[in-house]
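Accompanying notes for the structure given below.
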Amino acid sequence: MANCPSEAIRINDGSGVVIIDKERCSACYNCVVSCPFGAIFVHPEVDEPIKCDLCGQQYPKCVEVCPTNALVFVPEHLLGQAQRVGSVLRYAHMEEMEYEVGREKKRLRYADIGNTRLEEE
């Protein structure tokens, strides 16, 4: 926001979402380069930078309508938990297996937990 010479980037007071004011934006693209999250993009068919604004609500529509559930929205208050889970998975004993489907090589990463079994009581 500090790198925007036209002061077009602001935080919505109600939702806390960062918004680009298209009327004030000069399309200098300083925000694209300086965004610490890599969340502002350029598209050749749009005149100004693009950033998700959660469709003006608390939950983005793209996540709701994605037919394959490939998109996930993690609310800000849960980001710390998501980062901790990611850290655990990075430090777990991960194994990698390569296999082929047709002529396409694929890799499967999994946590090696040994031969541990749950005992019935």
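Residues are referred to by chain and number: the chain letter is A, B, ... according to the order shown in the structure tokens, the number counts from 1 in that chain, and ligands are numbered separately from 1 in the order shown.
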
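Within 9 Å of range 46-58 of chain A, once only C-alpha atoms are used and residues closer than 3 positions along the same chain are dropped, the contacting residues are Ser15, Val17, Val18, Ile19, Ile20, Lys22, Cys25, Ser26, Ala27, Cys28, Tyr29, Cys31, Val32, Ala39, Ile40, Phe41, Val42, His43, Lys61, Cys62 and Pro75 of chain A.
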
From the DSSP assignment of the backbone, select every residue of range 7-68 of chain A that is strand (DSSP E or B), and format the answer as a VMD selection string.
chain A and resid 9 to 11 18 to 20 41 50

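Interatomic distance, CA of Ser6 in chain A against CA of Phe37 in chain A: 20.6 Å.
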
DSSP on the backbone: what in range 46-81 of chain A comes out helix (DSSP H, G or I), as an NGL selection string?
:A and (54-56 or 61-65 or 76-81)

Keeping N, CA and C atoms for every residue in the selection just given, could you write it to a file as a PDB file, in the first residue's frame?
ATOM      1  N   LEU A  54     -12.561 -11.237  -2.442  1.00  0.00           N
ATOM      2  CA  LEU A  54     -13.546 -12.141  -1.825  1.00  0.00           C
ATOM      3  C   LEU A  54     -14.960 -11.874  -2.335  1.00  0.00           C
ATOM      4  N   CYS A  55     -15.065 -11.342  -3.534  1.00  0.00           N
ATOM      5  CA  CYS A  55     -16.363 -11.029  -4.149  1.00  0.00           C
ATOM      6  C   CYS A  55     -17.197 -10.087  -3.282  1.00  0.00           C
ATOM      7  N   GLY A  56     -16.521  -9.271  -2.478  1.00  0.00           N
ATOM      8  CA  GLY A  56     -17.213  -8.310  -1.629  1.00  0.00           C
ATOM      9  C   GLY A  56     -17.926  -8.937  -0.449  1.00  0.00           C
ATOM     10  N   LYS A  61     -16.801 -16.619  -4.278  1.00  0.00           N
ATOM     11  CA  LYS A  61     -17.708 -17.460  -5.074  1.00  0.00           C
ATOM     12  C   LYS A  61     -16.969 -18.571  -5.812  1.00  0.00           C
ATOM     13  N   CYS A  62     -15.729 -18.313  -6.254  1.00  0.00           N
ATOM     14  CA  CYS A  62     -14.996 -19.329  -7.029  1.00  0.00           C
ATOM     15  C   CYS A  62     -14.816 -20.614  -6.221  1.00  0.00           C
ATOM     16  N   VAL A  63     -14.633 -20.483  -4.911  1.00  0.00           N
ATOM     17  CA  VAL A  63     -14.483 -21.667  -4.061  1.00  0.00           C
ATOM     18  C   VAL A  63     -15.800 -22.434  -3.982  1.00  0.00           C
ATOM     19  N   GLU A  64     -16.899 -21.702  -3.889  1.00  0.00           N
ATOM     20  CA  GLU A  64     -18.216 -22.340  -3.802  1.00  0.00           C
ATOM     21  C   GLU A  64     -18.568 -23.115  -5.061  1.00  0.00           C
ATOM     22  N   VAL A  65     -18.225 -22.570  -6.235  1.00  0.00           N
ATOM     23  CA  VAL A  65     -18.673 -23.179  -7.485  1.00  0.00           C
ATOM     24  C   VAL A  65     -17.639 -24.090  -8.145  1.00  0.00           C
ATOM     25  N   GLU A  76      -8.432 -16.034   7.663  1.00  0.00           N
ATOM     26  CA  GLU A  76      -7.196 -15.522   8.250  1.00  0.00           C
ATOM     27  C   GLU A  76      -6.922 -16.084   9.636  1.00  0.00           C
ATOM     28  N   HIS A  77      -7.959 -16.259  10.449  1.00  0.00           N
ATOM     29  CA  HIS A  77      -7.740 -16.746  11.808  1.00  0.00           C
ATOM     30  C   HIS A  77      -7.276 -18.210  11.840  1.00  0.00           C
ATOM     31  N   LEU A  78      -7.391 -18.923  10.714  1.00  0.00           N
ATOM     32  CA  LEU A  78      -6.918 -20.309  10.647  1.00  0.00           C
ATOM     33  C   LEU A  78      -5.583 -20.455   9.923  1.00  0.00           C
ATOM     34  N   LEU A  79      -5.048 -19.355   9.396  1.00  0.00           N
ATOM     35  CA  LEU A  79      -3.795 -19.440   8.646  1.00  0.00           C
ATOM     36  C   LEU A  79      -2.650 -19.994   9.483  1.00  0.00           C
ATOM     37  N   GLY A  80      -2.579 -19.612  10.737  1.00  0.00           N
ATOM     38  CA  GLY A  80      -1.523 -20.130  11.608  1.00  0.00           C
ATOM     39  C   GLY A  80      -1.593 -21.639  11.724  1.00  0.00           C
ATOM     40  N   GLN A  81      -2.807 -22.180  11.870  1.00  0.00           N
ATOM     41  CA  GLN A  81      -2.975 -23.627  11.950  1.00  0.00           C
ATOM     42  C   GLN A  81      -2.556 -24.297  10.651  1.00  0.00           C
TER      43      GLN A  81
END

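Taking CA of Arg10 in chain A and CA of Glu23 in chain A as the two end points, the separation is 12.7 Å.
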